[in-house]
Structures are given as structure tokens and as C-alpha cells.
2 protein chains.
Amino acid sequence: MSRVVRDSIQILQAQGYKVTKPRRQVLEVLEEVQRPLSPYDIQRLLRQEGKYLNHVTIYRILDLFCCLNLAHKVLSSGGFVKCSLEGKGGCHRLMVCRCCGALQEFASEGLCQEENELAQNSGFHTEYHLSESSGVCSDCYKKQ
Amino acid sequence: MSRVVRDSIQILQAQGYKVTKPRRQVLEVLEEVQRPLSPYDIQRLLRQEGKYLNHVTIYRILDLFCCLNLAHKVLSSGGFVKCSLEGKGGCHRLMVCRCCGALQEFASEGLCQEENELAQNSGFHTEYHLSESSGVCSDCYKKQ
DNA sequence: TCATAATTGCAATAATGTTGCATTTAACAT
DNA sequence: ATGTTAAATGCAACATTATTGCAATTATGA
């Protein structure tokens, strides 16, 4: 079991949620695959490993994970990914490679501040930042 | 007919697309409502005005509008909005009020540059920026 | 090992998307 | 004006995704 999965399990326990087989399985697929997965993607992948989860269960698990910041919904694709950055409050930034789908999460205090300021100039009080840059990752760029 | 709708119609014509009743109707709802609408939202709204469009038609119209940059898909909600900024290449930024749903599109060269630089530091070549800040708009903030 | 609340599975249904093909319509030439 | 034609729409059928209430199961702490 990977460190990230173990950490997530600890968070579940700490918050009083049960550590069930379905929850562990979803954590593990997300960690394994490292790309955005829809609820049904997850169901299909697990089924390939001979594991069956009802789709309703998966929906509920993903809801919970998002609430606990263990997973994020990737906006451009609608899929879910495991969170990789800790302690980032109110901010979620991704780079997505349009060739291979590779995904990199990053943080930037500078960007957050600038976004906040811009918003405040029009009287808007920002609580949460989402941003996704799409482009070509270094590997794919070399191959071109 | 609003200026924005008229402009959009001109773009359609200029690109060789027909200016049909369904396309005009979709443009007008989007312009009227000024918040993200799903295809079925649009169908429901039009039906309330006694106008009927098949949902398939609406899907196709929205696809076209997005290609021509006449509309955008708002990532966090999945709805579609009329584009309000001209000449912004490869960038789409929104502020969404979590109280009233009000929506403001904005642009920022500074943010784009910073995002590009951050990406390049990890070898990533950025082509398109999406960002959505959610929070409270000035009106709703006053009422609180 | 037992009790119990939380979690999962199931069934039914709703909502959203997609495809191929017949019909209609806007645009253009006459 | 009218006819022609390619483009656009509507329709039917279907596929996929999402939601709800309730019964069965299971992780947890005593």
C-alpha cells in the first residue's frame, strides 16, 4: 500500500469515517492510475481486477473524498483524481498534457494573490481558485 | 436584438454558417439569462416561451458556438455561457458567485504570463488557460 | 463476540448524451 | 418571386451517467 493511500486512510479514520474495502479499493485505483477517472471508469477498472463495486457506492465514495480533499474533480474532463498536494487551502491547479493526458498538480501563492486582487478590484470576494492549463508536457514535446 | 447577439450572427454568416431560427433562439436565451445553462436548461427555458427545440439540435448548436468561441462551457457547473470578451486567445477566466450564481468573465495578461512561466519551469508548454474563482460577489457580500 | 450505526448493494427511475436517417429550411442563383 | 441544394433540424432509438429509498451487510467499539 502506497504512502498516499495510507495517509488518506488515516484521514478517514481521524474524521470518524469507516475504512471499508470499497473505499480502499477506490483509493488504490486512483493512486495506481494517476489520471482522472469517472465513477464508471473506476467501476470498469475494478471489474477488470475481478472486484465489483456498485456505481452508487462509487459516487458516494467520491463525494466523500472530495469533501475531505482526498480527491478533486478535474474540470476539463469531469474525472476525479487523487489529491497530491497537502495543505493547500482553497486552491487547485493542474497542468494537463493534451497528448498523453499526464497530469501535474501545482501550487502558487503568487497566482492566488494576483487572482484575489483582480477579483477584489471588481468587488468580488474570492474563496476558491481552480485553474487548469492545458498544453504539452516535456516528454511529448521532445517526441514531436 | 442585442448587440452581442447581432455580432454573433455576423460571425456565423462570415464563417459560412446559416443563421437559423434555432441558432438565434439559443443565442438569445444565453444573452438574456447571463448564467451558465445546460442544453436541457436551454430547452426548458425556450419551452416556457412556447418555443420548441429538440435537445439534439441544442447540443449541436452549442458545439458549434464553442468552436466559434461564441460560447464557453463553464467547467465547474458544466453549463454554457455566452462569451463576453473579445480577442482573448487561449485563455478563459471566470468569477462565479456561489450565492446568486452571477458570473463575470475577465482577462489578465499577468496571470497568463505567470502561469506560462510556472509551467515552463517543469518543462510544460502551455497552450490554453482555464481558471474559475468562486466566491461572493459585491452585491451578495453587502447583503450578508 | 456482540450491538449498532455507518456503509454498501439493489432496484427503479431520472437525467443527460449520442447516432443515423428522413425532413425541413436558409442561402444563392435564376 | 421561385426553384435548387447543401446545411441544419427533428425524430426515434439507444447508450451512458446520475439519483433516491430501502433492505442487507460490515467496520467499529464495548
# chains A, B, ... in the order shown; residues from 1 in each chain; ligands from 1
$ select_by_dssp --residues "range 71-134 of chain B" --states "alpha helix (DSSP H)" --output "PyMOL selection string"
chain B and resi 109-121
$ write_last_selection --atoms "C-alpha atoms" --output "mmCIF file, in the first residue's frame"
data_model
loop_
_atom_site.group_PDB
_atom_site.id
_atom_site.type_symbol
_atom_site.label_atom_id
_atom_site.label_comp_id
_atom_site.auth_asym_id
_atom_site.auth_seq_id
_atom_site.Cartn_x
_atom_site.Cartn_y
_atom_site.Cartn_z
ATOM 1 C CA GLU B 109 -2.068 39.143 -19.230
ATOM 2 C CA GLY B 110 -0.181 38.990 -15.947
ATOM 3 C CA LEU B 111 -1.821 35.770 -14.856
ATOM 4 C CA CYS B 112 -1.221 34.170 -18.234
ATOM 5 C CA GLN B 113 2.449 35.038 -18.164
ATOM 6 C CA GLU B 114 2.903 33.772 -14.644
ATOM 7 C CA GLU B 115 1.120 30.536 -15.440
ATOM 8 C CA ASN B 116 3.252 30.084 -18.525
ATOM 9 C CA GLU B 117 6.453 30.619 -16.590
ATOM 10 C CA LEU B 118 5.496 28.240 -13.812
ATOM 11 C CA ALA B 119 4.643 25.607 -16.391
ATOM 12 C CA GLN B 120 7.843 26.088 -18.306
ATOM 13 C CA ASN B 121 9.852 25.546 -15.147
#
$ residues_around --residues "range 6-22 of chain C" --least-positions-apart "3" --cutoff "10 Å" --atoms "only C-alpha atoms (C1' of nucleotides)" --output "MDAnalysis selection string"
(chainID A and resid 17:20 22 53:58 60:61) or (chainID B and resid 38:40 55:56 59) or (chainID D and resid 10:28)
$ calpha_fit_and_write --fixed "chain A" --moving "chain B" --output "PDB file with C-alpha atoms, in the first residue's frame"
ATOM      1  CA  MET B   1       0.123  -0.065  -0.062  1.00  0.00           C
ATOM      2  CA  SER B   2       1.481   3.352  -1.019  1.00  0.00           C
ATOM      3  CA  ARG B   3       2.162   6.135   1.403  1.00  0.00           C
ATOM      4  CA  VAL B   4      -0.558   8.310  -0.120  1.00  0.00           C
ATOM      5  CA  VAL B   5      -3.148   5.586   0.296  1.00  0.00           C
ATOM      6  CA  ARG B   6      -2.036   4.989   3.862  1.00  0.00           C
ATOM      7  CA  ASP B   7      -2.292   8.721   4.621  1.00  0.00           C
ATOM      8  CA  SER B   8      -5.763   8.885   3.145  1.00  0.00           C
ATOM      9  CA  ILE B   9      -6.853   5.952   5.257  1.00  0.00           C
ATOM     10  CA  GLN B  10      -5.583   7.702   8.346  1.00  0.00           C
ATOM     11  CA  ILE B  11      -7.589  10.786   7.453  1.00  0.00           C
ATOM     12  CA  LEU B  12     -10.704   8.676   7.046  1.00  0.00           C
ATOM     13  CA  GLN B  13     -10.209   7.103  10.449  1.00  0.00           C
ATOM     14  CA  ALA B  14      -9.318  10.368  12.119  1.00  0.00           C
ATOM     15  CA  GLN B  15     -12.588  11.885  10.924  1.00  0.00           C
ATOM     16  CA  GLY B  16     -14.591   8.947  12.152  1.00  0.00           C
ATOM     17  CA  TYR B  17     -15.287   7.303   8.795  1.00  0.00           C
ATOM     18  CA  LYS B  18     -15.003   3.564   8.359  1.00  0.00           C
ATOM     19  CA  VAL B  19     -12.151   2.131   6.371  1.00  0.00           C
ATOM     20  CA  THR B  20     -14.036  -0.228   4.102  1.00  0.00           C
ATOM     21  CA  LYS B  21     -12.928  -2.456   1.284  1.00  0.00           C
ATOM     22  CA  PRO B  22     -14.673  -0.331  -1.367  1.00  0.00           C
ATOM     23  CA  ARG B  23     -13.031   2.836  -0.082  1.00  0.00           C
ATOM     24  CA  ARG B  24      -9.597   1.215  -0.086  1.00  0.00           C
ATOM     25  CA  GLN B  25     -10.164  -0.086  -3.594  1.00  0.00           C
ATOM     26  CA  VAL B  26     -11.144   3.307  -4.944  1.00  0.00           C
ATOM     27  CA  LEU B  27      -8.137   4.903  -3.280  1.00  0.00           C
ATOM     28  CA  GLU B  28      -5.886   2.326  -4.848  1.00  0.00           C
ATOM     29  CA  VAL B  29      -7.144   2.700  -8.414  1.00  0.00           C
ATOM     30  CA  LEU B  30      -6.867   6.455  -8.205  1.00  0.00           C
ATOM     31  CA  GLU B  31      -3.341   6.139  -6.882  1.00  0.00           C
ATOM     32  CA  GLU B  32      -2.359   3.500  -9.429  1.00  0.00           C
ATOM     33  CA  VAL B  33      -3.703   5.186 -12.492  1.00  0.00           C
ATOM     34  CA  GLN B  34      -2.754   8.795 -11.798  1.00  0.00           C
ATOM     35  CA  ARG B  35      -5.178  10.303 -14.240  1.00  0.00           C
ATOM     36  CA  PRO B  36      -8.725  11.571 -13.934  1.00  0.00           C
ATOM     37  CA  LEU B  37     -11.252   8.769 -13.682  1.00  0.00           C
ATOM     38  CA  SER B  38     -15.014   9.018 -13.845  1.00  0.00           C
ATOM     39  CA  PRO B  39     -17.074   6.893 -11.458  1.00  0.00           C
ATOM     40  CA  TYR B  40     -17.787   4.456 -14.261  1.00  0.00           C
ATOM     41  CA  ASP B  41     -14.116   4.417 -15.285  1.00  0.00           C
ATOM     42  CA  ILE B  42     -13.319   3.291 -11.784  1.00  0.00           C
ATOM     43  CA  GLN B  43     -15.986   0.631 -11.911  1.00  0.00           C
ATOM     44  CA  ARG B  44     -14.633  -0.715 -15.196  1.00  0.00           C
ATOM     45  CA  LEU B  45     -11.031  -0.758 -14.005  1.00  0.00           C
ATOM     46  CA  LEU B  46     -11.896  -2.559 -10.809  1.00  0.00           C
ATOM     47  CA  ARG B  47     -13.998  -5.067 -12.703  1.00  0.00           C
ATOM     48  CA  GLN B  48     -10.969  -5.883 -14.828  1.00  0.00           C
ATOM     49  CA  GLU B  49      -9.236  -6.884 -11.633  1.00  0.00           C
ATOM     50  CA  GLY B  50     -12.200  -9.062 -10.742  1.00  0.00           C
ATOM     51  CA  LYS B  51     -13.518  -6.628  -8.150  1.00  0.00           C
ATOM     52  CA  TYR B  52     -17.106  -5.494  -8.244  1.00  0.00           C
ATOM     53  CA  LEU B  53     -18.403  -2.223  -6.850  1.00  0.00           C
ATOM     54  CA  ASN B  54     -21.850  -0.855  -7.440  1.00  0.00           C
ATOM     55  CA  HIS B  55     -21.715   2.478  -9.234  1.00  0.00           C
ATOM     56  CA  VAL B  56     -23.831   4.106  -6.552  1.00  0.00           C
ATOM     57  CA  THR B  57     -21.220   3.178  -4.002  1.00  0.00           C
ATOM     58  CA  ILE B  58     -18.502   4.726  -6.125  1.00  0.00           C
ATOM     59  CA  TYR B  59     -20.441   7.949  -6.468  1.00  0.00           C
ATOM     60  CA  ARG B  60     -20.849   8.156  -2.733  1.00  0.00           C
ATOM     61  CA  ILE B  61     -17.213   7.377  -2.055  1.00  0.00           C
ATOM     62  CA  LEU B  62     -16.038  10.039  -4.476  1.00  0.00           C
ATOM     63  CA  ASP B  63     -18.364  12.584  -2.889  1.00  0.00           C
ATOM     64  CA  LEU B  64     -16.863  11.806   0.474  1.00  0.00           C
ATOM     65  CA  PHE B  65     -13.298  11.936  -0.825  1.00  0.00           C
ATOM     66  CA  CYS B  66     -13.931  15.341  -2.352  1.00  0.00           C
ATOM     67  CA  CYS B  67     -15.370  16.646   0.899  1.00  0.00           C
ATOM     68  CA  LEU B  68     -12.326  15.417   2.792  1.00  0.00           C
ATOM     69  CA  ASN B  69     -10.008  16.807   0.117  1.00  0.00           C
ATOM     70  CA  LEU B  70      -8.682  13.360  -0.664  1.00  0.00           C
ATOM     71  CA  ALA B  71      -9.739  13.724  -4.276  1.00  0.00           C
ATOM     72  CA  HIS B  72     -10.605  16.473  -6.699  1.00  0.00           C
ATOM     73  CA  LYS B  73     -12.883  16.675  -9.646  1.00  0.00           C
ATOM     74  CA  VAL B  74     -10.921  17.757 -12.692  1.00  0.00           C
ATOM     75  CA  LEU B  75     -13.103  20.350 -14.296  1.00  0.00           C
ATOM     76  CA  SER B  76     -12.140  20.050 -17.913  1.00  0.00           C
ATOM     77  CA  SER B  77     -12.662  16.301 -18.070  1.00  0.00           C
ATOM     78  CA  GLY B  78     -15.123  15.674 -15.257  1.00  0.00           C
ATOM     79  CA  GLY B  79     -12.932  12.884 -13.891  1.00  0.00           C
ATOM     80  CA  PHE B  80     -11.635  12.504 -10.386  1.00  0.00           C
ATOM     81  CA  VAL B  81      -8.018  12.453  -9.220  1.00  0.00           C
ATOM     82  CA  LYS B  82      -6.270  11.766  -5.992  1.00  0.00           C
ATOM     83  CA  CYS B  83      -5.064  14.977  -4.368  1.00  0.00           C
ATOM     84  CA  SER B  84      -1.343  15.304  -4.328  1.00  0.00           C
ATOM     85  CA  LEU B  85      -0.705  18.578  -2.533  1.00  0.00           C
ATOM     86  CA  GLU B  86      -1.201  19.056   1.148  1.00  0.00           C
ATOM     87  CA  GLY B  87      -2.302  22.066   3.051  1.00  0.00           C
ATOM     88  CA  LYS B  88      -3.453  24.086   0.079  1.00  0.00           C
ATOM     89  CA  GLY B  89      -6.503  25.977   1.221  1.00  0.00           C
ATOM     90  CA  GLY B  90      -8.989  27.209  -1.327  1.00  0.00           C
ATOM     91  CA  CYS B  91      -6.898  26.548  -4.384  1.00  0.00           C
ATOM     92  CA  HIS B  92      -6.602  23.852  -6.993  1.00  0.00           C
ATOM     93  CA  ARG B  93      -4.282  24.105  -9.985  1.00  0.00           C
ATOM     94  CA  LEU B  94      -3.539  21.527 -12.615  1.00  0.00           C
ATOM     95  CA  MET B  95      -1.564  21.132 -15.785  1.00  0.00           C
ATOM     96  CA  VAL B  96      -2.998  18.550 -18.150  1.00  0.00           C
ATOM     97  CA  CYS B  97      -1.121  17.209 -21.156  1.00  0.00           C
ATOM     98  CA  ARG B  98      -3.414  17.026 -24.160  1.00  0.00           C
ATOM     99  CA  CYS B  99      -1.298  14.233 -25.687  1.00  0.00           C
ATOM    100  CA  CYS B 100      -0.848  11.660 -22.951  1.00  0.00           C
ATOM    101  CA  GLY B 101      -3.312  13.004 -20.375  1.00  0.00           C
ATOM    102  CA  ALA B 102      -0.544  13.317 -17.799  1.00  0.00           C
ATOM    103  CA  LEU B 103      -1.545  15.475 -14.936  1.00  0.00           C
ATOM    104  CA  GLN B 104       0.418  17.642 -12.597  1.00  0.00           C
ATOM    105  CA  GLU B 105      -0.943  19.485  -9.630  1.00  0.00           C
ATOM    106  CA  PHE B 106       0.813  22.622  -8.517  1.00  0.00           C
ATOM    107  CA  ALA B 107       0.430  25.543  -6.157  1.00  0.00           C
ATOM    108  CA  SER B 108       1.363  29.186  -6.415  1.00  0.00           C
ATOM    109  CA  GLU B 109       0.943  31.825  -3.789  1.00  0.00           C
ATOM    110  CA  GLY B 110       1.740  34.451  -6.401  1.00  0.00           C
ATOM    111  CA  LEU B 111      -1.089  33.420  -8.677  1.00  0.00           C
ATOM    112  CA  CYS B 112      -3.544  33.331  -5.797  1.00  0.00           C
ATOM    113  CA  GLN B 113      -2.612  36.817  -4.696  1.00  0.00           C
ATOM    114  CA  GLU B 114      -2.849  38.217  -8.186  1.00  0.00           C
ATOM    115  CA  GLU B 115      -6.217  36.595  -8.747  1.00  0.00           C
ATOM    116  CA  ASN B 116      -7.456  37.954  -5.448  1.00  0.00           C
ATOM    117  CA  GLU B 117      -6.340  41.465  -6.289  1.00  0.00           C
ATOM    118  CA  LEU B 118      -7.882  41.423  -9.742  1.00  0.00           C
ATOM    119  CA  ALA B 119     -11.140  40.216  -8.247  1.00  0.00           C
ATOM    120  CA  GLN B 120     -11.138  42.804  -5.520  1.00  0.00           C
ATOM    121  CA  ASN B 121     -10.745  45.555  -8.087  1.00  0.00           C
ATOM    122  CA  SER B 122     -14.228  44.689  -9.271  1.00  0.00           C
ATOM    123  CA  GLY B 123     -15.591  44.265  -5.767  1.00  0.00           C
ATOM    124  CA  PHE B 124     -15.470  40.506  -5.848  1.00  0.00           C
ATOM    125  CA  HIS B 125     -14.412  38.574  -2.750  1.00  0.00           C
ATOM    126  CA  THR B 126     -12.650  35.407  -3.756  1.00  0.00           C
ATOM    127  CA  GLU B 127     -12.832  32.228  -1.723  1.00  0.00           C
ATOM    128  CA  TYR B 128     -11.655  29.509  -4.041  1.00  0.00           C
ATOM    129  CA  HIS B 129      -9.393  29.326  -7.076  1.00  0.00           C
ATOM    130  CA  LEU B 130      -9.554  26.717  -9.764  1.00  0.00           C
ATOM    131  CA  SER B 131      -7.252  26.690 -12.705  1.00  0.00           C
ATOM    132  CA  GLU B 132      -6.322  24.233 -15.356  1.00  0.00           C
ATOM    133  CA  SER B 133      -3.698  24.794 -17.990  1.00  0.00           C
ATOM    134  CA  SER B 134      -3.694  22.445 -20.908  1.00  0.00           C
ATOM    135  CA  GLY B 135      -0.714  21.945 -23.164  1.00  0.00           C
ATOM    136  CA  VAL B 136       2.059  19.482 -23.856  1.00  0.00           C
ATOM    137  CA  CYS B 137       4.188  17.869 -21.191  1.00  0.00           C
ATOM    138  CA  SER B 138       7.950  17.641 -21.497  1.00  0.00           C
ATOM    139  CA  ASP B 139       7.956  13.981 -22.567  1.00  0.00           C
ATOM    140  CA  CYS B 140       5.425  14.464 -25.338  1.00  0.00           C
ATOM    141  CA  TYR B 141       7.145  17.654 -26.431  1.00  0.00           C
ATOM    142  CA  LYS B 142      10.419  15.802 -26.980  1.00  0.00           C
ATOM    143  CA  LYS B 143       8.727  13.114 -29.063  1.00  0.00           C
ATOM    144  CA  GLN B 144       7.207  15.631 -31.440  1.00  0.00           C
TER     145      GLN B 144
END
$ select_by_dssp --residues "range 5-90 of chain A" --states "strand (DSSP E or B)" --output "list in words"
Leu37, Ala71, His72, Lys73, Phe80, Val81 and Lys82 of chain A
$ residues_around --residues "DC28 in chain C" --least-positions-apart "3" --cutoff "12 Å" --atoms "only C-alpha atoms (C1' of nucleotides)" --output "mmCIF file with all heavy atoms, in the first residue's frame"
data_model
loop_
_atom_site.group_PDB
_atom_site.id
_atom_site.type_symbol
_atom_site.label_atom_id
_atom_site.label_comp_id
_atom_site.auth_asym_id
_atom_site.auth_seq_id
_atom_site.Cartn_x
_atom_site.Cartn_y
_atom_site.Cartn_z
ATOM 1 P P DT D 2 -43.893 33.035 -56.423
ATOM 2 O OP1 DT D 2 -45.036 32.735 -57.294
ATOM 3 O OP2 DT D 2 -43.995 32.898 -54.960
ATOM 4 O "O5'" DT D 2 -42.662 32.156 -56.916
ATOM 5 C "C5'" DT D 2 -42.295 32.189 -58.296
ATOM 6 C "C4'" DT D 2 -41.242 31.127 -58.536
ATOM 7 O "O4'" DT D 2 -39.939 31.655 -58.219
ATOM 8 C "C3'" DT D 2 -41.419 29.854 -57.716
ATOM 9 O "O3'" DT D 2 -41.319 28.744 -58.586
ATOM 10 C "C2'" DT D 2 -40.311 29.932 -56.671
ATOM 11 C "C1'" DT D 2 -39.235 30.731 -57.428
ATOM 12 N N1 DT D 2 -38.292 31.527 -56.602
ATOM 13 C C2 DT D 2 -36.966 31.552 -56.956
ATOM 14 O O2 DT D 2 -36.515 30.946 -57.906
ATOM 15 N N3 DT D 2 -36.168 32.336 -56.143
ATOM 16 C C4 DT D 2 -36.558 33.067 -55.042
ATOM 17 O O4 DT D 2 -35.756 33.724 -54.415
ATOM 18 C C5 DT D 2 -37.957 32.989 -54.720
ATOM 19 C C7 DT D 2 -38.494 33.744 -53.537
ATOM 20 C C6 DT D 2 -38.748 32.236 -55.505
ATOM 21 P P DG D 3 -41.431 27.256 -58.073
ATOM 22 O OP1 DG D 3 -42.273 26.451 -59.003
ATOM 23 O OP2 DG D 3 -41.733 27.304 -56.626
ATOM 24 O "O5'" DG D 3 -39.923 26.809 -58.294
ATOM 25 C "C5'" DG D 3 -39.295 27.091 -59.553
ATOM 26 C "C4'" DG D 3 -37.868 26.574 -59.508
ATOM 27 O "O4'" DG D 3 -37.067 27.418 -58.638
ATOM 28 C "C3'" DG D 3 -37.721 25.156 -58.981
ATOM 29 O "O3'" DG D 3 -36.668 24.544 -59.729
ATOM 30 C "C2'" DG D 3 -37.358 25.358 -57.520
ATOM 31 C "C1'" DG D 3 -36.523 26.643 -57.563
ATOM 32 N N9 DG D 3 -36.580 27.498 -56.383
ATOM 33 C C8 DG D 3 -37.695 27.830 -55.637
ATOM 34 N N7 DG D 3 -37.428 28.652 -54.658
ATOM 35 C C5 DG D 3 -36.058 28.881 -54.766
ATOM 36 C C6 DG D 3 -35.204 29.703 -53.979
ATOM 37 O O6 DG D 3 -35.485 30.410 -53.019
ATOM 38 N N1 DG D 3 -33.880 29.645 -54.432
ATOM 39 C C2 DG D 3 -33.447 28.908 -55.502
ATOM 40 N N2 DG D 3 -32.159 28.971 -55.776
ATOM 41 N N3 DG D 3 -34.251 28.139 -56.250
ATOM 42 C C4 DG D 3 -35.527 28.180 -55.820
ATOM 43 P P DT D 4 -36.218 23.058 -59.499
ATOM 44 O OP1 DT D 4 -35.905 22.418 -60.788
ATOM 45 O OP2 DT D 4 -37.221 22.473 -58.571
ATOM 46 O "O5'" DT D 4 -34.845 23.279 -58.722
ATOM 47 C "C5'" DT D 4 -33.876 24.162 -59.293
ATOM 48 C "C4'" DT D 4 -32.567 24.034 -58.534
ATOM 49 O "O4'" DT D 4 -32.574 24.923 -57.380
ATOM 50 C "C3'" DT D 4 -32.256 22.641 -58.000
ATOM 51 O "O3'" DT D 4 -30.888 22.376 -58.254
ATOM 52 C "C2'" DT D 4 -32.597 22.726 -56.521
ATOM 53 C "C1'" DT D 4 -32.287 24.193 -56.208
ATOM 54 N N1 DT D 4 -33.097 24.835 -55.125
ATOM 55 C C2 DT D 4 -32.462 25.748 -54.295
ATOM 56 O O2 DT D 4 -31.294 26.034 -54.386
ATOM 57 N N3 DT D 4 -33.290 26.312 -53.353
ATOM 58 C C4 DT D 4 -34.640 26.059 -53.148
ATOM 59 O O4 DT D 4 -35.258 26.640 -52.274
ATOM 60 C C5 DT D 4 -35.219 25.103 -54.042
ATOM 61 C C7 DT D 4 -36.671 24.754 -53.907
ATOM 62 C C6 DT D 4 -34.430 24.533 -54.980
ATOM 63 P P DT D 5 -30.218 21.011 -57.891
ATOM 64 O OP1 DT D 5 -29.135 20.740 -58.862
ATOM 65 O OP2 DT D 5 -31.298 20.024 -57.664
ATOM 66 O "O5'" DT D 5 -29.530 21.360 -56.496
ATOM 67 C "C5'" DT D 5 -28.604 22.450 -56.408
ATOM 68 C "C4'" DT D 5 -28.066 22.514 -54.990
ATOM 69 O "O4'" DT D 5 -29.019 23.192 -54.134
ATOM 70 C "C3'" DT D 5 -27.823 21.147 -54.351
ATOM 71 O "O3'" DT D 5 -26.641 21.211 -53.583
ATOM 72 C "C2'" DT D 5 -29.022 20.952 -53.447
ATOM 73 C "C1'" DT D 5 -29.245 22.402 -52.986
ATOM 74 N N1 DT D 5 -30.615 22.714 -52.492
ATOM 75 C C2 DT D 5 -30.761 23.747 -51.602
ATOM 76 O O2 DT D 5 -29.839 24.415 -51.202
ATOM 77 N N3 DT D 5 -32.053 23.961 -51.204
ATOM 78 C C4 DT D 5 -33.186 23.255 -51.581
ATOM 79 O O4 DT D 5 -34.290 23.550 -51.148
ATOM 80 C C5 DT D 5 -32.951 22.182 -52.520
ATOM 81 C C7 DT D 5 -34.095 21.356 -53.000
ATOM 82 C C6 DT D 5 -31.687 21.952 -52.924
ATOM 83 P P DA D 6 -25.762 19.912 -53.304
ATOM 84 O OP1 DA D 6 -24.869 19.681 -54.460
ATOM 85 O OP2 DA D 6 -26.683 18.844 -52.861
ATOM 86 O "O5'" DA D 6 -24.872 20.398 -52.086
ATOM 87 C "C5'" DA D 6 -24.399 21.754 -52.048
ATOM 88 C "C4'" DA D 6 -24.585 22.318 -50.647
ATOM 89 O "O4'" DA D 6 -25.997 22.478 -50.369
ATOM 90 C "C3'" DA D 6 -24.022 21.422 -49.537
ATOM 91 O "O3'" DA D 6 -23.364 22.251 -48.597
ATOM 92 C "C2'" DA D 6 -25.256 20.740 -48.946
ATOM 93 C "C1'" DA D 6 -26.333 21.815 -49.162
ATOM 94 N N9 DA D 6 -27.683 21.275 -49.322
ATOM 95 C C8 DA D 6 -28.054 20.136 -49.981
ATOM 96 N N7 DA D 6 -29.352 19.921 -49.966
ATOM 97 C C5 DA D 6 -29.868 20.978 -49.255
ATOM 98 C C6 DA D 6 -31.179 21.342 -48.885
ATOM 99 N N6 DA D 6 -32.255 20.616 -49.215
ATOM 100 N N1 DA D 6 -31.340 22.473 -48.177
ATOM 101 C C2 DA D 6 -30.264 23.196 -47.856
ATOM 102 N N3 DA D 6 -28.981 22.970 -48.149
ATOM 103 C C4 DA D 6 -28.859 21.830 -48.848
#
$ interface_residues --of "chain D" --to "chain B" --cutoff "8 Å" --atoms "only C-alpha atoms (C1' of nucleotides)" --output "number ranges by chain"
D: 7-10
$ write_last_selection --atoms "all heavy atoms" --output "short mmCIF file (atom, residue, chain, number, x, y, z; two decimals), in the first residue's frame"
data_model
loop_
_atom_site.label_atom_id
_atom_site.label_comp_id
_atom_site.auth_asym_id
_atom_site.auth_seq_id
_atom_site.Cartn_x
_atom_site.Cartn_y
_atom_site.Cartn_z
P DA D 7 -22.69 21.68 -47.31
OP1 DA D 7 -21.34 22.27 -47.21
OP2 DA D 7 -22.89 20.22 -47.32
"O5'" DA D 7 -23.59 22.30 -46.16
"C5'" DA D 7 -23.98 23.67 -46.25
"C4'" DA D 7 -25.03 23.94 -45.21
"O4'" DA D 7 -26.28 23.30 -45.58
"C3'" DA D 7 -24.69 23.43 -43.82
"O3'" DA D 7 -24.99 24.46 -42.92
"C2'" DA D 7 -25.59 22.21 -43.63
"C1'" DA D 7 -26.80 22.57 -44.49
N9 DA D 7 -27.53 21.44 -45.06
C8 DA D 7 -27.03 20.35 -45.71
N7 DA D 7 -27.96 19.52 -46.14
C5 DA D 7 -29.14 20.10 -45.74
C6 DA D 7 -30.50 19.73 -45.89
N6 DA D 7 -30.89 18.61 -46.51
N1 DA D 7 -31.45 20.54 -45.37
C2 DA D 7 -31.05 21.66 -44.77
N3 DA D 7 -29.82 22.13 -44.56
C4 DA D 7 -28.90 21.29 -45.08
P DA D 8 -24.67 24.37 -41.38
OP1 DA D 8 -24.30 25.72 -40.93
OP2 DA D 8 -23.78 23.22 -41.18
"O5'" DA D 8 -26.09 24.02 -40.78
"C5'" DA D 8 -27.17 24.92 -41.02
"C4'" DA D 8 -28.44 24.33 -40.48
"O4'" DA D 8 -28.84 23.21 -41.30
"C3'" DA D 8 -28.37 23.81 -39.05
"O3'" DA D 8 -29.34 24.51 -38.29
"C2'" DA D 8 -28.66 22.32 -39.16
"C1'" DA D 8 -29.41 22.22 -40.48
N9 DA D 8 -29.26 20.97 -41.20
C8 DA D 8 -28.10 20.35 -41.58
N7 DA D 8 -28.27 19.23 -42.24
C5 DA D 8 -29.66 19.11 -42.30
C6 DA D 8 -30.49 18.13 -42.88
N6 DA D 8 -30.03 17.06 -43.51
N1 DA D 8 -31.83 18.30 -42.76
C2 DA D 8 -32.29 19.39 -42.12
N3 DA D 8 -31.59 20.38 -41.54
C4 DA D 8 -30.28 20.17 -41.67
P DT D 9 -29.62 24.16 -36.77
OP1 DT D 9 -30.07 25.40 -36.11
OP2 DT D 9 -28.50 23.37 -36.24
"O5'" DT D 9 -30.89 23.21 -36.91
"C5'" DT D 9 -32.10 23.75 -37.38
"C4'" DT D 9 -33.13 22.65 -37.48
"O4'" DT D 9 -32.62 21.58 -38.29
"C3'" DT D 9 -33.52 22.03 -36.14
"O3'" DT D 9 -34.91 22.24 -35.95
"C2'" DT D 9 -33.15 20.55 -36.28
"C1'" DT D 9 -33.11 20.37 -37.79
N1 DT D 9 -32.20 19.31 -38.30
C2 DT D 9 -32.72 18.25 -39.00
O2 DT D 9 -33.92 18.12 -39.21
N3 DT D 9 -31.79 17.34 -39.45
C4 DT D 9 -30.42 17.40 -39.29
O4 DT D 9 -29.69 16.54 -39.75
C5 DT D 9 -29.93 18.54 -38.54
C7 DT D 9 -28.46 18.70 -38.30
C6 DT D 9 -30.83 19.42 -38.09
P DG D 10 -35.62 21.79 -34.55
OP1 DG D 10 -36.79 22.68 -34.34
OP2 DG D 10 -34.57 21.67 -33.53
"O5'" DG D 10 -36.17 20.34 -34.91
"C5'" DG D 10 -37.12 20.22 -35.96
"C4'" DG D 10 -37.53 18.77 -36.11
"O4'" DG D 10 -36.42 18.01 -36.64
"C3'" DG D 10 -37.95 18.07 -34.82
"O3'" DG D 10 -39.17 17.40 -35.11
"C2'" DG D 10 -36.78 17.13 -34.50
"C1'" DG D 10 -36.22 16.83 -35.88
N9 DG D 10 -34.79 16.56 -35.98
C8 DG D 10 -33.78 17.30 -35.44
N7 DG D 10 -32.58 16.83 -35.73
C5 DG D 10 -32.83 15.71 -36.52
C6 DG D 10 -31.93 14.79 -37.12
O6 DG D 10 -30.69 14.80 -37.08
N1 DG D 10 -32.60 13.80 -37.82
C2 DG D 10 -33.97 13.70 -37.95
N2 DG D 10 -34.43 12.69 -38.66
N3 DG D 10 -34.83 14.56 -37.38
C4 DG D 10 -34.18 15.53 -36.68
#
